[in-house]
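**Q** Sharing upload-v1.tsv (TSV, C-alpha atoms (C1' of nucleotides)) below.
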```tsv
chain	number	residue	atom	x	y	z
C	1	MET	CA	0.00	0.00	0.00
C	2	ARG	CA	1.40	3.35	-1.06
C	3	LYS	CA	1.75	6.10	1.51
C	4	PRO	CA	-0.91	8.75	0.78
C	5	ARG	CA	0.58	11.88	-0.79
C	6	THR	CA	-0.71	15.33	0.03
C	7	SER	CA	-2.06	15.77	-3.49
C	8	SER	CA	-4.24	12.69	-3.23
C	9	ILE	CA	-5.61	13.71	0.13
C	10	GLN	CA	-6.52	17.08	-1.27
C	11	LYS	CA	-8.90	15.42	-3.69
C	12	THR	CA	-11.11	14.61	-0.74
C	13	ALA	CA	-11.76	18.32	-0.15
C	14	PRO	CA	-14.93	18.36	-2.30
C	15	VAL	CA	-16.35	15.45	-0.33
C	16	PHE	CA	-15.65	17.20	2.94
C	17	ALA	CA	-17.15	20.38	1.56
C	18	ALA	CA	-20.27	18.49	0.53
C	19	LEU	CA	-20.60	17.07	4.03
C	20	GLY	CA	-19.82	20.36	5.71
C	21	ASP	CA	-23.41	21.47	5.98
C	22	PRO	CA	-25.89	20.30	8.65
C	23	THR	CA	-28.76	20.00	6.20
C	24	ARG	CA	-26.77	17.86	3.79
C	25	LEU	CA	-25.41	15.76	6.61
C	26	ARG	CA	-28.98	15.16	7.68
C	27	LEU	CA	-29.92	14.14	4.15
C	28	VAL	CA	-27.06	11.65	3.99
C	29	ALA	CA	-28.07	10.25	7.36
C	30	ALA	CA	-31.67	9.91	6.17
C	31	LEU	CA	-30.56	8.09	3.03
C	32	CYS	CA	-28.30	5.88	5.12
C	33	ALA	CA	-31.26	4.80	7.18
C	34	GLY	CA	-34.08	5.01	4.67
C	35	GLY	CA	-32.71	3.69	1.39
C	36	ALA	CA	-34.11	5.47	-1.68
C	37	LEU	CA	-36.27	8.47	-0.84
C	38	SER	CA	-38.11	11.05	-2.91
C	39	ILE	CA	-37.49	14.78	-2.66
C	40	ALA	CA	-40.86	15.25	-1.02
C	41	GLN	CA	-40.06	12.60	1.56
C	42	LEU	CA	-36.71	14.18	2.25
C	43	THR	CA	-38.35	17.57	2.64
C	44	THR	CA	-41.13	16.75	5.10
C	45	GLY	CA	-40.07	17.36	8.65
C	46	THR	CA	-37.46	19.83	7.55
C	47	ALA	CA	-37.39	23.54	8.18
C	48	VAL	CA	-36.27	24.28	4.63
C	49	THR	CA	-38.06	24.38	1.31
C	50	ARG	CA	-38.26	21.57	-1.21
C	51	GLN	CA	-36.14	23.66	-3.56
C	52	ALA	CA	-33.46	24.01	-0.93
C	53	VAL	CA	-33.44	20.25	-0.46
C	54	THR	CA	-33.14	19.80	-4.22
C	55	LYS	CA	-30.17	22.13	-4.31
C	56	HIS	CA	-28.46	20.28	-1.50
C	57	LEU	CA	-29.06	16.99	-3.26
C	58	THR	CA	-27.40	18.27	-6.42
C	59	VAL	CA	-24.42	19.36	-4.34
C	60	LEU	CA	-24.17	15.87	-2.88
C	61	ALA	CA	-24.58	14.41	-6.36
C	62	ASP	CA	-21.77	16.61	-7.71
C	63	ALA	CA	-19.55	15.24	-4.97
C	64	GLY	CA	-20.59	11.80	-6.15
C	65	LEU	CA	-22.12	10.85	-2.83
C	66	VAL	CA	-25.69	10.31	-3.99
C	67	ARG	CA	-27.44	9.34	-7.18
C	68	ASP	CA	-30.98	9.83	-8.46
C	69	ILE	CA	-33.33	7.43	-10.19
C	70	ARG	CA	-36.45	8.57	-11.94
C	71	GLN	CA	-39.51	6.59	-11.13
C	72	GLY	CA	-42.77	7.83	-12.55
C	73	ARG	CA	-43.34	11.37	-11.41
C	74	GLU	CA	-40.99	10.86	-8.51
C	75	ARG	CA	-37.27	11.26	-8.36
C	76	LEU	CA	-35.75	8.92	-5.84
C	77	TRP	CA	-32.37	9.57	-4.27
C	78	GLU	CA	-30.03	7.00	-2.85
C	79	LEU	CA	-26.45	6.75	-1.68
C	80	GLU	CA	-23.81	6.12	-4.30
C	81	PRO	CA	-22.14	2.98	-2.94
C	82	SER	CA	-18.85	3.07	-4.86
C	83	ARG	CA	-18.11	6.72	-4.23
C	84	LEU	CA	-19.25	6.48	-0.66
C	85	ASP	CA	-16.89	3.61	-0.12
C	86	GLU	CA	-14.11	5.61	-1.72
C	87	ALA	CA	-14.87	8.52	0.60
C	88	ARG	CA	-14.88	6.12	3.52
C	89	ARG	CA	-11.39	4.97	2.58
C	90	SER	CA	-10.24	8.57	2.37
C	91	LEU	CA	-11.56	9.16	5.84
C	92	ASP	CA	-9.70	6.12	7.06
C	93	ALA	CA	-6.51	7.36	5.42
C	94	ILE	CA	-6.82	10.76	7.04
C	95	ALA	CA	-7.69	9.19	10.35
C	96	ALA	CA	-4.53	7.10	10.12
C	97	GLN	CA	-2.49	10.17	9.28
C	98	TRP	CA	-3.98	11.99	12.26
C	99	ASP	CA	-3.26	9.02	14.44
C	100	GLN	CA	0.39	9.27	13.53
C	101	ALA	CA	0.41	12.97	14.34
C	102	LEU	CA	-1.34	12.32	17.64
C	103	GLN	CA	1.16	9.62	18.52
C	104	ARG	CA	3.98	12.00	17.76
C	105	LEU	CA	2.41	14.78	19.84
C	106	LYS	CA	1.77	12.46	22.73
C	107	SER	CA	5.30	11.05	22.77
C	108	PHE	CA	6.63	14.60	22.60
C	109	VAL	CA	4.67	15.60	25.68
C	110	GLU	CA	5.85	12.55	27.59
C	111	LYS	CA	9.46	13.13	26.65
D	1	MET	CA	-21.95	2.04	23.13
D	2	ARG	CA	-24.91	4.15	22.20
D	3	LYS	CA	-26.07	4.22	18.59
D	4	PRO	CA	-25.18	7.61	17.09
D	5	ARG	CA	-28.23	9.84	16.67
D	6	THR	CA	-28.61	12.17	13.73
D	7	SER	CA	-28.33	15.21	15.98
D	8	SER	CA	-24.92	14.17	17.27
D	9	ILE	CA	-23.62	13.45	13.82
D	10	GLN	CA	-24.73	16.84	12.68
D	11	LYS	CA	-22.33	18.43	15.13
D	12	THR	CA	-19.50	17.23	12.94
D	13	ALA	CA	-20.64	19.48	10.11
D	14	PRO	CA	-18.37	22.38	11.15
D	15	VAL	CA	-15.35	20.07	11.14
D	16	PHE	CA	-16.22	18.81	7.69
D	17	ALA	CA	-16.76	22.38	6.53
D	18	ALA	CA	-13.37	23.37	7.89
D	19	LEU	CA	-11.73	20.52	6.00
D	20	GLY	CA	-13.72	21.16	2.84
D	21	ASP	CA	-11.16	23.47	1.31
D	22	PRO	CA	-8.00	22.34	-0.49
D	23	THR	CA	-5.85	25.06	1.05
D	24	ARG	CA	-6.94	24.21	4.57
D	25	LEU	CA	-6.55	20.51	3.92
D	26	ARG	CA	-3.02	21.25	2.79
D	27	LEU	CA	-2.36	23.22	5.97
D	28	VAL	CA	-3.61	20.36	8.13
D	29	ALA	CA	-1.45	17.93	6.20
D	30	ALA	CA	1.57	20.19	6.66
D	31	LEU	CA	0.94	20.43	10.40
D	32	CYS	CA	0.48	16.68	10.56
D	33	ALA	CA	3.90	16.20	9.07
D	34	GLY	CA	5.75	19.21	10.35
D	35	GLY	CA	4.65	19.73	13.94
D	36	ALA	CA	4.41	23.41	14.95
D	37	LEU	CA	4.94	25.82	12.08
D	38	SER	CA	4.87	29.58	11.75
D	39	ILE	CA	2.55	31.46	9.42
D	40	ALA	CA	5.49	32.40	7.24
D	41	GLN	CA	6.56	28.78	7.01
D	42	LEU	CA	3.05	27.71	6.14
D	43	THR	CA	2.85	30.40	3.47
D	44	THR	CA	6.07	29.73	1.53
D	45	GLY	CA	5.49	27.45	-1.39
D	46	THR	CA	1.82	28.41	-1.53
D	47	ALA	CA	0.07	30.32	-4.26
D	48	VAL	CA	-1.90	32.39	-1.75
D	49	THR	CA	-1.00	35.32	0.43
D	50	ARG	CA	0.14	35.21	4.02
D	51	GLN	CA	-3.13	36.89	4.99
D	52	ALA	CA	-5.12	34.20	3.24
D	53	VAL	CA	-3.21	31.55	5.17
D	54	THR	CA	-3.90	33.41	8.39
D	55	LYS	CA	-7.62	33.47	7.62
D	56	HIS	CA	-7.65	29.76	6.87
D	57	LEU	CA	-5.85	29.08	10.12
D	58	THR	CA	-8.47	30.99	12.09
D	59	VAL	CA	-11.16	28.93	10.36
D	60	LEU	CA	-9.40	25.74	11.41
D	61	ALA	CA	-8.98	27.15	14.89
D	62	ASP	CA	-12.70	27.97	15.12
D	63	ALA	CA	-13.40	24.36	14.25
D	64	GLY	CA	-11.05	23.44	17.06
D	65	LEU	CA	-8.66	21.59	14.80
D	66	VAL	CA	-5.57	23.71	15.36
D	67	ARG	CA	-4.18	25.90	18.09
D	68	ASP	CA	-1.61	28.71	18.12
D	69	ILE	CA	1.26	29.40	20.46
D	70	ARG	CA	3.06	32.71	20.55
D	71	GLN	CA	6.80	32.44	20.54
D	72	GLY	CA	8.74	35.65	20.30
D	73	ARG	CA	7.74	37.47	17.17
D	74	GLU	CA	6.45	34.26	15.67
D	75	ARG	CA	3.08	32.62	16.01
D	76	LEU	CA	3.37	28.88	15.76
D	77	TRP	CA	0.43	26.69	14.79
D	78	GLU	CA	-0.04	23.07	15.68
D	79	LEU	CA	-2.76	20.47	15.60
D	80	GLU	CA	-5.19	20.36	18.49
D	81	PRO	CA	-4.84	16.75	19.67
D	82	SER	CA	-8.04	16.37	21.69
D	83	ARG	CA	-10.34	17.91	19.13
D	84	LEU	CA	-8.59	16.14	16.32
D	85	ASP	CA	-9.08	12.85	18.09
D	86	GLU	CA	-12.73	13.71	18.61
D	87	ALA	CA	-13.08	14.49	14.92
D	88	ARG	CA	-11.35	11.22	14.12
D	89	ARG	CA	-13.91	9.33	16.19
D	90	SER	CA	-16.72	11.13	14.38
D	91	LEU	CA	-15.23	10.05	11.09
D	92	ASP	CA	-15.08	6.50	12.37
D	93	ALA	CA	-18.71	6.67	13.46
D	94	ILE	CA	-19.84	7.95	10.09
D	95	ALA	CA	-17.71	5.39	8.32
D	96	ALA	CA	-19.40	2.66	10.37
D	97	GLN	CA	-22.81	4.06	9.52
D	98	TRP	CA	-21.90	4.12	5.85
D	99	ASP	CA	-20.65	0.58	6.09
D	100	GLN	CA	-24.05	-0.49	7.33
D	101	ALA	CA	-25.74	1.29	4.45
D	102	LEU	CA	-23.31	-0.27	1.98
D	103	GLN	CA	-23.96	-3.71	3.42
D	104	ARG	CA	-27.68	-3.15	3.08
D	105	LEU	CA	-27.31	-1.94	-0.50
D	106	LYS	CA	-25.11	-4.86	-1.42
D	107	SER	CA	-27.43	-7.45	0.09
D	108	PHE	CA	-30.32	-5.82	-1.72
D	109	VAL	CA	-28.57	-6.19	-5.06
D	110	GLU	CA	-27.76	-9.83	-4.41
D	111	LYS	CA	-31.30	-10.65	-3.35
K	1	DG	C1'	18.57	53.37	17.50
K	2	DA	C1'	17.93	51.76	12.84
K	3	DT	C1'	16.85	47.79	10.04
K	4	DA	C1'	14.82	43.70	8.93
K	5	DC	C1'	11.50	40.22	9.89
K	6	DA	C1'	6.84	38.18	11.44
K	7	DT	C1'	2.57	39.30	12.12
K	8	DG	C1'	-1.90	42.17	12.93
K	9	DC	C1'	-5.61	45.03	11.30
K	10	DA	C1'	-8.85	46.96	8.13
K	11	DA	C1'	-10.93	47.92	3.95
K	12	DC	C1'	-12.31	46.22	-0.10
K	13	DC	C1'	-13.81	42.96	-3.99
K	14	DA	C1'	-15.90	39.15	-6.56
K	15	DT	C1'	-17.96	34.79	-6.12
K	16	DT	C1'	-20.31	31.26	-3.94
K	17	DG	C1'	-23.88	29.48	-0.92
K	18	DG	C1'	-28.05	28.72	1.30
K	19	DG	C1'	-32.39	30.12	0.95
K	20	DT	C1'	-36.70	31.95	-0.86
K	21	DT	C1'	-40.84	32.80	-4.12
K	22	DG	C1'	-43.49	32.27	-8.35
K	23	DC	C1'	-44.79	29.85	-12.08
K	24	DA	C1'	-44.36	26.01	-15.52
K	25	DT	C1'	-44.48	21.07	-16.51
K	26	DA	C1'	-44.99	16.14	-16.04
K	27	DT	C1'	-47.47	12.22	-14.03
K	28	DT	C1'	-50.96	9.92	-11.53
K	29	DA	C1'	-55.68	9.43	-9.76
K	30	DC	C1'	-60.75	10.03	-10.29
P	1	DG	C1'	-60.70	15.56	-19.00
P	2	DT	C1'	-59.80	17.51	-14.41
P	3	DA	C1'	-57.68	17.70	-10.19
P	4	DA	C1'	-54.00	16.63	-7.29
P	5	DT	C1'	-49.21	15.43	-6.66
P	6	DA	C1'	-44.08	15.71	-7.57
P	7	DT	C1'	-40.89	18.01	-9.54
P	8	DG	C1'	-38.26	21.58	-12.65
P	9	DC	C1'	-36.73	26.20	-13.78
P	10	DA	C1'	-35.51	30.89	-13.03
P	11	DA	C1'	-35.02	35.02	-10.76
P	12	DC	C1'	-33.80	37.09	-6.81
P	13	DC	C1'	-31.72	38.14	-1.94
P	14	DC	C1'	-28.42	38.45	1.57
P	15	DA	C1'	-24.59	36.68	4.13
P	16	DA	C1'	-20.49	34.26	4.14
P	17	DT	C1'	-16.02	33.05	1.75
P	18	DG	C1'	-11.73	33.26	-0.29
P	19	DG	C1'	-8.86	36.41	-1.70
P	20	DT	C1'	-6.39	40.77	-2.20
P	21	DT	C1'	-3.73	45.28	-0.93
P	22	DG	C1'	-1.91	48.83	2.15
P	23	DC	C1'	-0.32	50.17	6.26
P	24	DA	C1'	0.59	49.68	11.35
P	25	DT	C1'	2.81	47.22	15.12
P	26	DG	C1'	5.69	44.19	17.71
P	27	DT	C1'	10.24	41.82	18.08
P	28	DA	C1'	14.93	40.58	17.06
P	29	DT	C1'	19.40	41.82	15.35
P	30	DC	C1'	23.55	44.66	14.76
```
For this file, write the structure as structure tokens.
**A**
Amino acid sequence: MRKPRTSSIQKTAPVFAALGDPTRLRLVAALCAGGALSIAQLTTGTAVTRQAVTKHLTVLADAGLVRDIRQGRERLWELEPSRLDEARRSLDAIAAQWDQALQRLKSFVEK
Amino acid sequence: MRKPRTSSIQKTAPVFAALGDPTRLRLVAALCAGGALSIAQLTTGTAVTRQAVTKHLTVLADAGLVRDIRQGRERLWELEPSRLDEARRSLDAIAAQWDQALQRLKSFVEK
DNA sequence: GATACATGCAACCATTGGGTTGCATATTAC
DNA sequence: GTAATATGCAACCCAATGGTTGCATGTATC
């Protein structure tokens, strides 16, 4: 396994940016739990408008985190498994990198 | 261990937002590798201004990811271990949640 | 004390972002 | 066909963001 270079880690910025909003994070959580959901379903119980939800969904889609499937007059949204898995791996990589830094900091304090 | 509720996961949004910028991600990576660095050090080799770097550092600081220590005429920046560890755990939690969703999606396909 | 270095502060600018409202269009359901 | 539902499109608004430049201030250094 190749040590992650800075440049590759930087490619995760868009994913982080997409997740860096409470509303979008809520949408992802809902899709995690609820499978494929329509815009209307994702809107009910929210403080924001349907249009706002739509916008957030397109942002998530641009980051490759979700995908839409047309079904009749509905537009269902679901998680994008491959990209989500990729993002998950990025998180793991960063977590590992942080772990190293934390180790280093800790050993420095104890020195 | 208590199952993560949506509300608790949403608290990680600011951290994601802070990391959702290539420049800031680069700064975090630099601090991961380089320990405590001055603003000037963090600026050299960058396309942006020293002021821009300063702004990004305050954003990271607001998210609790970095901390500054004054040393003479320099202002050194380093990772905030506790908060970083907390963020790391959040990432792990989300990753676990995603794993569940991925499992569910996969088993659905194979059904 | 004068000079160089590291940073702070403030104003300013253009773009993006999150959100809304209003109206048009497709797709069921009756 | 008509009514109801689900969504699309576009314009608009305001606040936040990422960035700059110019100048002031603190701190070493000689």
**Q** Using all atoms listed in the file, find the one residue out of K:DA10, K:DG18, K:DC30, K:DA24 that sits nearest to chain C.
**A** K:DG18
**Q** For a quick check of understanding, using all atoms listed in the file, which of C:Lys11, C:Arg70, C:Arg83, C:Arg104 has the smallest distance to chain P?
**A** C:Arg70
**Q** Got a sec to pull out which chain C residues are within 10 Å of chain P, counting all atoms listed in the file, and send them as a PyMOL selection string?
**A** chain C and resi 38-40+50-51+54+72-75
**Q** Listing only residues of chain D within 7 Å of chain C, what is the closest atom pair and its distance in Å (to one decimal) for each, using all atoms listed in the file, sorted by chain and residue number ascending, as a Markdown table?
**A**
```
| residue | atom | partner | partner_atom | distance |
| --- | --- | --- | --- | --- |
| D:Thr6 | CA | C:Ala29 | CA | 6.7 |
| D:Gln10 | CA | C:Pro22 | CA | 5.4 |
| D:Ala13 | CA | C:Gly20 | CA | 4.6 |
| D:Pro14 | CA | C:Gly20 | CA | 6.0 |
| D:Phe16 | CA | C:Gly20 | CA | 4.4 |
| D:Ala17 | CA | C:Gly20 | CA | 3.8 |
| D:Leu19 | CA | C:Phe16 | CA | 6.0 |
| D:Gly20 | CA | C:Ala17 | CA | 3.7 |
| D:Asp21 | CA | C:Ala13 | CA | 5.4 |
| D:Pro22 | CA | C:Ala13 | CA | 5.5 |
| D:Leu25 | CA | C:Gln10 | CA | 6.2 |
| D:Arg26 | CA | C:Gln10 | CA | 6.8 |
| D:Ala29 | CA | C:Thr6 | CA | 6.7 |
| D:Cys32 | CA | C:Ala101 | CA | 5.3 |
| D:Pro81 | CA | C:Leu102 | CA | 6.0 |
| D:Arg88 | CA | C:Ala95 | CA | 5.6 |
| D:Leu91 | CA | C:Leu91 | CA | 6.5 |
| D:Ala95 | CA | C:Arg88 | CA | 5.6 |
| D:Trp98 | CA | C:Cys32 | CA | 6.7 |
| D:Ala101 | CA | C:Cys32 | CA | 5.3 |
| D:Leu102 | CA | C:Pro81 | CA | 6.0 |
```
**Q** With only C-alpha atoms (C1' of nucleotides) as the atoms that count, which of K:DT27, K:DC12, K:DA2, K:DT7 lies nearest to chain C?
**A**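 With only C-alpha atoms (C1' of nucleotides) as the atom set, the closest residue is K:DT27.
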**Q** Take chain C, superimpose it onto chain D by least squares using every C-alpha atom paired in sequence order, and output the result as a CSV table (one decimal) with C-alpha atoms, in the coordinates of the input.
**A**
```
chain,number,residue,atom,x,y,z
C,1,MET,CA,-21.7,2.2,23.3
C,2,ARG,CA,-24.7,4.3,22.4
C,3,LYS,CA,-25.9,4.2,18.8
C,4,PRO,CA,-25.0,7.6,17.2
C,5,ARG,CA,-28.1,9.8,16.8
C,6,THR,CA,-28.6,12.1,13.8
C,7,SER,CA,-28.3,15.2,16.0
C,8,SER,CA,-24.9,14.2,17.3
C,9,ILE,CA,-23.6,13.4,13.8
C,10,GLN,CA,-24.7,16.8,12.7
C,11,LYS,CA,-22.3,18.4,15.1
C,12,THR,CA,-19.5,17.2,12.9
C,13,ALA,CA,-20.7,19.5,10.1
C,14,PRO,CA,-18.4,22.4,11.1
C,15,VAL,CA,-15.4,20.1,11.1
C,16,PHE,CA,-16.2,18.8,7.7
C,17,ALA,CA,-16.8,22.4,6.5
C,18,ALA,CA,-13.4,23.4,7.9
C,19,LEU,CA,-11.8,20.5,6.0
C,20,GLY,CA,-13.7,21.1,2.8
C,21,ASP,CA,-11.2,23.4,1.3
C,22,PRO,CA,-8.0,22.3,-0.5
C,23,THR,CA,-5.9,25.0,1.0
C,24,ARG,CA,-6.9,24.2,4.6
C,25,LEU,CA,-6.5,20.5,3.9
C,26,ARG,CA,-3.0,21.2,2.8
C,27,LEU,CA,-2.4,23.2,6.0
C,28,VAL,CA,-3.6,20.3,8.1
C,29,ALA,CA,-1.4,17.9,6.2
C,30,ALA,CA,1.6,20.2,6.7
C,31,LEU,CA,0.9,20.4,10.4
C,32,CYS,CA,0.5,16.6,10.6
C,33,ALA,CA,3.9,16.2,9.1
C,34,GLY,CA,5.8,19.2,10.4
C,35,GLY,CA,4.6,19.7,13.9
C,36,ALA,CA,4.4,23.4,15.0
C,37,LEU,CA,4.9,25.8,12.1
C,38,SER,CA,4.8,29.6,11.8
C,39,ILE,CA,2.5,31.4,9.4
C,40,ALA,CA,5.5,32.4,7.2
C,41,GLN,CA,6.6,28.8,7.0
C,42,LEU,CA,3.0,27.7,6.1
C,43,THR,CA,2.9,30.4,3.5
C,44,THR,CA,6.1,29.7,1.6
C,45,GLY,CA,5.5,27.4,-1.3
C,46,THR,CA,1.9,28.3,-1.5
C,47,ALA,CA,0.1,30.2,-4.3
C,48,VAL,CA,-1.8,32.3,-1.8
C,49,THR,CA,-1.0,35.3,0.4
C,50,ARG,CA,0.1,35.2,4.0
C,51,GLN,CA,-3.2,36.9,4.9
C,52,ALA,CA,-5.1,34.2,3.2
C,53,VAL,CA,-3.2,31.5,5.1
C,54,THR,CA,-3.9,33.4,8.4
C,55,LYS,CA,-7.6,33.4,7.6
C,56,HIS,CA,-7.7,29.7,6.8
C,57,LEU,CA,-5.9,29.0,10.1
C,58,THR,CA,-8.5,31.0,12.1
C,59,VAL,CA,-11.2,28.9,10.3
C,60,LEU,CA,-9.4,25.7,11.4
C,61,ALA,CA,-9.0,27.1,14.9
C,62,ASP,CA,-12.7,27.9,15.1
C,63,ALA,CA,-13.4,24.3,14.2
C,64,GLY,CA,-11.1,23.4,17.1
C,65,LEU,CA,-8.7,21.6,14.8
C,66,VAL,CA,-5.6,23.7,15.4
C,67,ARG,CA,-4.2,25.9,18.1
C,68,ASP,CA,-1.7,28.7,18.1
C,69,ILE,CA,1.2,29.4,20.5
C,70,ARG,CA,3.0,32.7,20.6
C,71,GLN,CA,6.7,32.5,20.6
C,72,GLY,CA,8.6,35.7,20.3
C,73,ARG,CA,7.6,37.5,17.2
C,74,GLU,CA,6.3,34.3,15.7
C,75,ARG,CA,3.0,32.6,16.0
C,76,LEU,CA,3.3,28.9,15.8
C,77,TRP,CA,0.4,26.7,14.8
C,78,GLU,CA,-0.1,23.1,15.7
C,79,LEU,CA,-2.8,20.4,15.6
C,80,GLU,CA,-5.2,20.3,18.5
C,81,PRO,CA,-4.8,16.7,19.7
C,82,SER,CA,-8.0,16.4,21.7
C,83,ARG,CA,-10.3,17.9,19.1
C,84,LEU,CA,-8.6,16.1,16.3
C,85,ASP,CA,-9.1,12.8,18.1
C,86,GLU,CA,-12.7,13.7,18.6
C,87,ALA,CA,-13.1,14.5,14.9
C,88,ARG,CA,-11.3,11.2,14.1
C,89,ARG,CA,-13.9,9.3,16.2
C,90,SER,CA,-16.7,11.1,14.4
C,91,LEU,CA,-15.2,10.0,11.1
C,92,ASP,CA,-15.1,6.5,12.4
C,93,ALA,CA,-18.7,6.7,13.5
C,94,ILE,CA,-19.8,8.0,10.1
C,95,ALA,CA,-17.7,5.4,8.3
C,96,ALA,CA,-19.4,2.7,10.4
C,97,GLN,CA,-22.8,4.1,9.5
C,98,TRP,CA,-21.9,4.2,5.8
C,99,ASP,CA,-20.7,0.6,6.1
C,100,GLN,CA,-24.1,-0.4,7.3
C,101,ALA,CA,-25.7,1.3,4.4
C,102,LEU,CA,-23.3,-0.2,2.0
C,103,GLN,CA,-24.0,-3.7,3.4
C,104,ARG,CA,-27.7,-3.1,3.1
C,105,LEU,CA,-27.3,-1.9,-0.5
C,106,LYS,CA,-25.1,-4.8,-1.5
C,107,SER,CA,-27.4,-7.4,0.0
C,108,PHE,CA,-30.3,-5.7,-1.8
C,109,VAL,CA,-28.6,-6.0,-5.1
C,110,GLU,CA,-27.7,-9.7,-4.5
C,111,LYS,CA,-31.3,-10.5,-3.5
```
**Q** In Å, with one decimal, what is the gap from CA of Leu37 in chain C to CA of Arg67 in chain C?
**A**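 CA of Leu37 in chain C sits 10.9 Å away from CA of Arg67 in chain C.
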**Q** Please report as CSV every residue of chain K lying within 12 Å of chain C, along with the nearest atom pair and their distance in Å (one decimal), using only C-alpha atoms (C1' of nucleotides).
**A**
```
residue,atom,partner,partner_atom,distance
K:DG17,C1',C:Lys55,CA,10.3
K:DG18,C1',C:Ala52,CA,7.5
K:DG19,C1',C:Ala52,CA,6.5
K:DT20,C1',C:Thr49,CA,8.0
K:DT21,C1',C:Gln51,CA,10.3
K:DT25,C1',C:Arg73,CA,11.0
K:DA26,C1',C:Arg73,CA,6.8
K:DT27,C1',C:Arg73,CA,5.0
K:DT28,C1',C:Arg73,CA,7.8
```
**Q** Tell me, in Å to one decimal, how far CA of Leu76 in chain D is from C1' of DA6 in chain K.
**A**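 Pair CA of Leu76 in chain D / C1' of DA6 in chain K returns 10.8 Å.
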**Q** What does the distance between CA of Gln71 in chain D and C1' of DT3 in chain K come to in Å, to one decimal place?
**A** 21.1 Å
